[in-house]
Amino acid sequence: MDPARIRALHAIATGDLWPDVTIQMDLPPEDGLARQADRNRMEERGLEFAVRVRNGFLNLAAAEPRRYRVVDARGDIDAVAARVWESLREGR
């Protein structure tokens, strides 16, 4: 879907409210699909679809770098949590 259309729909649905910060957990699609124990219709669409979705989210983050914090979601929960807090402290 066109990013401009997504933003317009979001503005309508939320009364044009936007978060101050969005934490975007980034994971290579292969890793994400491998983590899935139970697959829903989104995961069933396969790797190519997952790559397109990831790229779409990364494009959103690139368009608003002051608001988005893209965090590497690989590794255990403690390592990922530390990266989230670090991204917030550094404002990146």
# chains A, B, ... in the order shown; residues from 1 in each chain; ligands from 1
>>> residues_around(residues="Asp26 in chain A", least_positions_apart="6", cutoff="12 Å", atoms="only C-alpha atoms", output="JSON, numbers by chain")
{"A": [32, 50, 51, 53, 54, 55, 56, 57, 58, 61, 68, 69, 70, 71, 72, 73, 74, 75, 80, 83, 84]}
>>> write_last_selection(atoms="N, CA and C atoms", output="PDB file, in the first residue's frame")
ATOM      1  N   GLY A  32      12.778 -14.119  11.749  1.00  0.00           N
ATOM      2  CA  GLY A  32      11.420 -13.968  12.251  1.00  0.00           C
ATOM      3  C   GLY A  32      10.545 -15.160  11.928  1.00  0.00           C
ATOM      4  N   ALA A  50       7.501 -11.380   3.560  1.00  0.00           N
ATOM      5  CA  ALA A  50       8.125 -10.879   4.786  1.00  0.00           C
ATOM      6  C   ALA A  50       9.209  -9.849   4.471  1.00  0.00           C
ATOM      7  N   VAL A  51       9.962 -10.065   3.417  1.00  0.00           N
ATOM      8  CA  VAL A  51      10.992  -9.109   3.000  1.00  0.00           C
ATOM      9  C   VAL A  51      10.344  -7.786   2.597  1.00  0.00           C
ATOM     10  N   VAL A  53       7.435  -6.587   3.581  1.00  0.00           N
ATOM     11  CA  VAL A  53       6.891  -5.945   4.782  1.00  0.00           C
ATOM     12  C   VAL A  53       8.017  -5.272   5.567  1.00  0.00           C
ATOM     13  N   ARG A  54       9.117  -5.988   5.770  1.00  0.00           N
ATOM     14  CA  ARG A  54      10.250  -5.401   6.501  1.00  0.00           C
ATOM     15  C   ARG A  54      10.726  -4.137   5.797  1.00  0.00           C
ATOM     16  N   ASN A  55      10.901  -4.199   4.492  1.00  0.00           N
ATOM     17  CA  ASN A  55      11.367  -3.028   3.746  1.00  0.00           C
ATOM     18  C   ASN A  55      10.399  -1.859   3.879  1.00  0.00           C
ATOM     19  N   GLY A  56       9.107  -2.157   3.889  1.00  0.00           N
ATOM     20  CA  GLY A  56       8.113  -1.108   4.067  1.00  0.00           C
ATOM     21  C   GLY A  56       8.262  -0.422   5.413  1.00  0.00           C
ATOM     22  N   PHE A  57       8.452  -1.204   6.473  1.00  0.00           N
ATOM     23  CA  PHE A  57       8.645  -0.615   7.797  1.00  0.00           C
ATOM     24  C   PHE A  57       9.952   0.166   7.881  1.00  0.00           C
ATOM     25  N   LEU A  58      11.013  -0.345   7.270  1.00  0.00           N
ATOM     26  CA  LEU A  58      12.284   0.383   7.282  1.00  0.00           C
ATOM     27  C   LEU A  58      12.165   1.695   6.513  1.00  0.00           C
ATOM     28  N   ALA A  61      10.529   4.205   8.796  1.00  0.00           N
ATOM     29  CA  ALA A  61      11.498   4.705   9.773  1.00  0.00           C
ATOM     30  C   ALA A  61      12.471   5.686   9.132  1.00  0.00           C
ATOM     31  N   TYR A  68      11.390   7.523  14.867  1.00  0.00           N
ATOM     32  CA  TYR A  68      11.582   6.072  14.916  1.00  0.00           C
ATOM     33  C   TYR A  68      12.915   5.700  15.533  1.00  0.00           C
ATOM     34  N   ARG A  69      12.892   4.626  16.311  1.00  0.00           N
ATOM     35  CA  ARG A  69      14.107   3.991  16.813  1.00  0.00           C
ATOM     36  C   ARG A  69      14.077   2.565  16.275  1.00  0.00           C
ATOM     37  N   VAL A  70      14.951   2.272  15.335  1.00  0.00           N
ATOM     38  CA  VAL A  70      15.029   0.922  14.767  1.00  0.00           C
ATOM     39  C   VAL A  70      16.037   0.148  15.604  1.00  0.00           C
ATOM     40  N   VAL A  71      15.560  -0.928  16.210  1.00  0.00           N
ATOM     41  CA  VAL A  71      16.367  -1.705  17.152  1.00  0.00           C
ATOM     42  C   VAL A  71      16.563  -3.116  16.608  1.00  0.00           C
ATOM     43  N   ASP A  72      17.806  -3.561  16.626  1.00  0.00           N
ATOM     44  CA  ASP A  72      18.135  -4.924  16.210  1.00  0.00           C
ATOM     45  C   ASP A  72      17.473  -5.894  17.196  1.00  0.00           C
ATOM     46  N   ALA A  73      16.559  -6.728  16.714  1.00  0.00           N
ATOM     47  CA  ALA A  73      15.810  -7.645  17.575  1.00  0.00           C
ATOM     48  C   ALA A  73      16.405  -9.045  17.611  1.00  0.00           C
ATOM     49  N   ARG A  74      17.620  -9.198  17.094  1.00  0.00           N
ATOM     50  CA  ARG A  74      18.273 -10.510  17.174  1.00  0.00           C
ATOM     51  C   ARG A  74      18.848 -10.699  18.571  1.00  0.00           C
ATOM     52  N   GLY A  75      18.907 -11.941  19.006  1.00  0.00           N
ATOM     53  CA  GLY A  75      19.495 -12.254  20.300  1.00  0.00           C
ATOM     54  C   GLY A  75      18.439 -12.504  21.353  1.00  0.00           C
ATOM     55  N   VAL A  80      18.137  -7.555  23.618  1.00  0.00           N
ATOM     56  CA  VAL A  80      17.242  -6.692  22.851  1.00  0.00           C
ATOM     57  C   VAL A  80      16.718  -5.560  23.730  1.00  0.00           C
ATOM     58  N   ARG A  83      19.246  -2.892  24.057  1.00  0.00           N
ATOM     59  CA  ARG A  83      19.338  -2.057  22.852  1.00  0.00           C
ATOM     60  C   ARG A  83      18.178  -1.061  22.768  1.00  0.00           C
ATOM     61  N   VAL A  84      16.992  -1.479  23.194  1.00  0.00           N
ATOM     62  CA  VAL A  84      15.847  -0.558  23.195  1.00  0.00           C
ATOM     63  C   VAL A  84      16.140   0.616  24.118  1.00  0.00           C
TER      64      VAL A  84
END
>>> select_by_dssp(residues="range 3-89 of chain A", states="strand (DSSP E)", output="MDAnalysis selection string")
chainID A and resid 22:26 68:72
>>> closest_residue(among="A:Glu30, A:Val21, A:Ala82, A:Glu90", to="Glu64 in chain A", atoms="only C-alpha atoms")
A:Val21
>>> atom_distance(atom1="CA of Asp2 in chain A", atom2="CA of Pro29 in chain A")
21.2 Å
>>> residues_around(residues="range 3-11 of chain A", least_positions_apart="4", cutoff="10 Å", atoms="only C-alpha atoms", output="VMD selection string")
chain A and resid 15 to 18 56 to 57 59 to 60
>>> write_last_selection(atoms="C-alpha atoms", output="CSV table (one decimal), in the first residue's frame")
chain,number,residue,atom,x,y,z
A,15,GLY,CA,-7.7,12.1,14.9
A,16,ASP,CA,-4.2,12.9,13.6
A,17,LEU,CA,-2.5,11.8,16.8
A,18,TRP,CA,1.0,10.5,16.4
A,56,GLY,CA,8.1,-1.1,4.1
A,57,PHE,CA,8.6,-0.6,7.8
A,59,ASN,CA,11.1,2.9,4.7
A,60,LEU,CA,8.7,4.4,7.2
>>> select_by_dssp(residues="chain A", states="alpha helix (DSSP H)", output="VMD selection string")
chain A and resid 3 to 14 29 to 35 47 to 63 77 to 90
>>> atom_distance(atom1="CA of Leu33 in chain A", atom2="CA of Glu48 in chain A")
11.3 Å
>>> closest_residue(among="A:Leu47, A:Asp76, A:Thr14, A:Pro65", to="Pro28 in chain A", atoms="only C-alpha atoms")
A:Leu47
>>> closest_residue(among="A:Ile12, A:Met1, A:Arg67, A:Ala62", to="Ser87 in chain A", atoms="only C-alpha atoms")
A:Arg67
